[in-house]
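Input: a single structure, listed below in structure tokens.
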Amino acid sequence: MKILETDRLILRHLSEEDAEFIVTLLNEPDWIKYIGDRGIRTVEDAKKYIKEGPMTMYNEHGIGLYLIELKENAKPIGLCGLLYRDFLKDVDLGFALLSKYWGKGYAFEAAQSTLSYGAEILGHHRIVGFTSLDNEKSANLLQKLGMKDEGKIKYTSTSEDVRLFAIEYQKKD
């Protein structure tokens, strides 16, 4: 199901047919370094991850990580979406792209449209994002999107310190 469309991208729900792409993305060195090793090594692992993660979140919360595809050829290049996390009171903007697509503005384009969707369509007045302390690329992107650095918080499942960023939107009357 298509959720968003930008000039160059389509963001849509993940399905089990995206499993091979998920294996590739989740085993990129920077995914493992900054997001964590999810132990996804096979297509079967990826199908389970998609069902238990994104598809469950779509069903339970109406949001989740969406597949980012290039509009011109439907090639998957990454993930972007809004997530509910049990240790945050606000929805979280998450994103990741295959490294060969970095530096082309795709992450900004996907994230900016996701933030607009979250604020304008879903009515979220505050959206957060967080990064590992040493993930300057993601921190720079969050700041370019207009998010303000709010300092460190603990990521509860790992007790790791992470940097929290947030953007607030005006409530519409």
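Identifiers in this document derive from the order of the structure tokens: chains are assigned A, B, ..., residues are numbered from 1 separately in each chain, and ligands are numbered from 1 in order of occurrence.
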* Asked: Got a sec: who's within 10 Å of His125 of chain A, counting only C-alpha atoms, leaving out chain neighbours fewer than 3 positions off, as a PyMOL selection string?
  -> chain A and resi 90-91+118-120+122+167-172
* Asked: In segment 29-97 of chain A, what's alpha helix (DSSP H) per DSSP? Answer as a ChimeraX atom specification?
  -> /A:29-30,43-50,56-61
* Secondary structure check, strand (DSSP E or B) residues of chain A, as a ChimeraX atom specification -> /A:2-5,9-13,65-70,76-83,91-97,126-132,148-155,160-168
For the residues selected in the previous step, produce a file with N, CA and C atoms as a short mmCIF file (atom, residue, chain, number, x, y, z; two decimals), in the first residue's frame.
data_model
loop_
_atom_site.label_atom_id
_atom_site.label_comp_id
_atom_site.auth_asym_id
_atom_site.auth_seq_id
_atom_site.Cartn_x
_atom_site.Cartn_y
_atom_site.Cartn_z
N LYS A 2 0.68 2.12 -0.96
CA LYS A 2 1.44 3.36 -1.06
C LYS A 2 0.98 4.33 0.02
N ILE A 3 1.93 4.94 0.72
CA ILE A 3 1.63 5.90 1.77
C ILE A 3 1.96 7.31 1.31
N LEU A 4 3.14 7.49 0.71
CA LEU A 4 3.60 8.81 0.30
C LEU A 4 4.26 8.75 -1.06
N GLU A 5 4.23 9.89 -1.74
CA GLU A 5 4.91 10.02 -3.01
C GLU A 5 5.58 11.39 -3.04
N LEU A 9 10.44 9.64 -5.21
CA LEU A 9 10.29 8.45 -4.37
C LEU A 9 8.84 8.06 -4.14
N ILE A 10 8.68 6.78 -3.84
CA ILE A 10 7.41 6.23 -3.34
C ILE A 10 7.74 5.58 -2.00
N LEU A 11 6.94 5.85 -0.99
CA LEU A 11 7.06 5.18 0.30
C LEU A 11 5.81 4.33 0.46
N ARG A 12 6.02 3.04 0.73
CA ARG A 12 4.90 2.11 0.81
C ARG A 12 5.12 1.11 1.93
N HIS A 13 4.05 0.43 2.29
CA HIS A 13 4.14 -0.64 3.30
C HIS A 13 5.11 -1.71 2.82
N LEU A 65 7.68 1.59 9.66
CA LEU A 65 8.70 1.84 8.65
C LEU A 65 8.14 1.48 7.28
N TYR A 66 8.36 2.36 6.33
CA TYR A 66 7.92 2.16 4.96
C TYR A 66 9.12 1.93 4.06
N LEU A 67 8.92 1.14 3.04
CA LEU A 67 9.95 0.92 2.04
C LEU A 67 10.05 2.17 1.18
N ILE A 68 11.27 2.62 0.93
CA ILE A 68 11.52 3.74 0.01
C ILE A 68 11.92 3.14 -1.34
N GLU A 69 11.15 3.47 -2.37
CA GLU A 69 11.46 3.02 -3.73
C GLU A 69 11.72 4.22 -4.62
N LEU A 70 12.64 4.04 -5.56
CA LEU A 70 12.81 5.06 -6.59
C LEU A 70 11.58 5.04 -7.49
N PRO A 76 14.03 -0.66 -4.57
CA PRO A 76 14.07 -0.32 -3.14
C PRO A 76 15.45 0.20 -2.76
N ILE A 77 15.45 1.32 -2.01
CA ILE A 77 16.73 1.92 -1.61
C ILE A 77 16.85 2.12 -0.10
N GLY A 78 15.75 1.97 0.65
CA GLY A 78 15.84 2.20 2.08
C GLY A 78 14.50 2.09 2.78
N LEU A 79 14.51 2.55 4.02
CA LEU A 79 13.32 2.57 4.87
C LEU A 79 13.18 3.94 5.49
N CYS A 80 11.96 4.37 5.72
CA CYS A 80 11.69 5.61 6.44
C CYS A 80 10.27 5.50 6.98
N GLY A 81 10.07 6.01 8.17
CA GLY A 81 8.72 5.99 8.72
C GLY A 81 8.66 6.52 10.13
N LEU A 82 7.49 6.42 10.70
CA LEU A 82 7.26 6.83 12.09
C LEU A 82 7.02 5.58 12.92
N LEU A 83 7.58 5.58 14.11
CA LEU A 83 7.53 4.40 14.97
C LEU A 83 7.06 4.78 16.37
N VAL A 91 6.08 9.99 18.74
CA VAL A 91 6.48 9.10 17.66
C VAL A 91 7.89 9.47 17.22
N ASP A 92 8.58 8.46 16.72
CA ASP A 92 9.99 8.57 16.35
C ASP A 92 10.14 8.44 14.84
N LEU A 93 10.89 9.35 14.24
CA LEU A 93 11.24 9.27 12.82
C LEU A 93 12.43 8.34 12.67
N GLY A 94 12.26 7.27 11.89
CA GLY A 94 13.36 6.35 11.62
C GLY A 94 13.65 6.32 10.14
N PHE A 95 14.92 6.15 9.78
CA PHE A 95 15.29 6.08 8.37
C PHE A 95 16.61 5.37 8.22
N ALA A 96 16.79 4.74 7.07
CA ALA A 96 18.06 4.10 6.71
C ALA A 96 18.04 3.87 5.20
N LEU A 97 19.17 4.12 4.56
CA LEU A 97 19.30 3.90 3.12
C LEU A 97 20.50 3.02 2.85
N ARG A 126 4.38 16.78 17.88
CA ARG A 126 5.81 16.68 18.21
C ARG A 126 6.29 15.32 17.69
N ILE A 127 7.38 15.36 16.94
CA ILE A 127 7.98 14.14 16.42
C ILE A 127 9.45 14.18 16.80
N VAL A 128 9.96 13.04 17.26
CA VAL A 128 11.35 12.96 17.69
C VAL A 128 12.14 12.04 16.77
N GLY A 129 13.43 12.10 16.92
CA GLY A 129 14.34 11.19 16.25
C GLY A 129 15.53 11.02 17.15
N PHE A 130 16.21 9.91 17.06
CA PHE A 130 17.40 9.77 17.87
C PHE A 130 18.48 9.06 17.08
N THR A 131 19.72 9.30 17.50
CA THR A 131 20.88 8.72 16.83
C THR A 131 21.86 8.22 17.87
N SER A 132 22.73 7.32 17.43
CA SER A 132 23.88 6.96 18.26
C SER A 132 24.71 8.23 18.47
N LYS A 148 15.59 19.93 16.69
CA LYS A 148 16.53 20.51 17.65
C LYS A 148 17.10 19.41 18.54
N ASP A 149 18.40 19.49 18.80
CA ASP A 149 19.09 18.54 19.68
C ASP A 149 18.64 18.79 21.11
N GLU A 150 18.06 17.78 21.73
CA GLU A 150 17.59 17.90 23.11
C GLU A 150 18.49 17.18 24.11
N GLY A 151 19.65 16.72 23.64
CA GLY A 151 20.58 16.08 24.55
C GLY A 151 20.48 14.57 24.55
N LYS A 152 21.10 13.97 25.57
CA LYS A 152 21.18 12.51 25.64
C LYS A 152 20.03 11.92 26.44
N ILE A 153 19.61 10.72 25.99
CA ILE A 153 18.68 9.89 26.76
C ILE A 153 19.21 8.46 26.72
N LYS A 154 18.66 7.61 27.56
CA LYS A 154 19.01 6.19 27.54
C LYS A 154 18.06 5.45 26.60
N TYR A 155 18.62 4.65 25.71
CA TYR A 155 17.82 3.74 24.90
C TYR A 155 17.56 2.54 25.79
N GLU A 160 22.08 2.14 26.23
CA GLU A 160 23.03 2.98 25.50
C GLU A 160 22.53 4.42 25.53
N ASP A 161 23.47 5.37 25.66
CA ASP A 161 23.12 6.77 25.52
C ASP A 161 22.93 7.08 24.04
N VAL A 162 21.86 7.80 23.71
CA VAL A 162 21.60 8.24 22.34
C VAL A 162 21.26 9.73 22.38
N ARG A 163 21.40 10.39 21.24
CA ARG A 163 21.04 11.80 21.13
C ARG A 163 19.59 11.90 20.67
N LEU A 164 18.81 12.70 21.38
CA LEU A 164 17.40 12.91 21.06
C LEU A 164 17.23 14.24 20.36
N PHE A 165 16.48 14.23 19.27
CA PHE A 165 16.15 15.43 18.51
C PHE A 165 14.62 15.51 18.45
N ALA A 166 14.09 16.73 18.29
CA ALA A 166 12.63 16.87 18.23
C ALA A 166 12.26 18.09 17.39
N ILE A 167 11.08 17.99 16.81
CA ILE A 167 10.47 19.11 16.09
C ILE A 167 9.04 19.22 16.56
N GLU A 168 8.59 20.45 16.75
CA GLU A 168 7.23 20.68 17.20
C GLU A 168 6.47 21.43 16.12
#
* Spatial neighbours of Arg41 of chain A, max dist 9 Å, only C-alpha atoms, sep filter under 4 positions, as number ranges by chain -> A: 23-24, 26-27, 45-46
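Put simply, atom CA of Tyr58 of chain A is 24.5 Å away from atom CA of Asp7 of chain A.
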* Structure fact -> Restricting to only C-alpha atoms, whichever of A:Asn140, A:Thr6, A:Asn135, A:Ser159 is closest to Thr114 of chain A is A:Thr6
* Between atom CA of Pro29 of chain A and atom CA of Ser99 of chain A, what is the spacing in Å? ->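 Atom CA of Ser99 of chain A sits 9.0 Å away from atom CA of Pro29 of chain A.
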* To do: Could you tell me which of A:His124, A:Leu141, A:Met55, A:Asp37 comes closest to Leu25 of chain A if we count only C-alpha atoms?
  =>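 Among the listed residues, A:Asp37 lies closest to Leu25 of chain A.
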* Please provide the set of residues having any atom within 8 Å of Leu145 of chain A, restricted to only C-alpha atoms, with same-chain residues fewer than 5 positions apart removed, written as number ranges by chain. => A: 108, 111-112
* Asked: Looking at only C-alpha atoms, which of A:Leu88, A:Lys75, A:Ser138, A:Gly146 is the one that sits closest to Ser116 of chain A?
  ->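 Going through A:Leu88, A:Lys75, A:Ser138, A:Gly146 one by one, the smallest distance to Ser116 of chain A is for A:Gly146.
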* Using only C-alpha atoms, which of A:Lys100, A:Lys47, A:Arg38, A:Lys144 sits nearest Phe21 of chain A? ->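 The answer is A:Lys47, which sits nearest to Phe21 of chain A.
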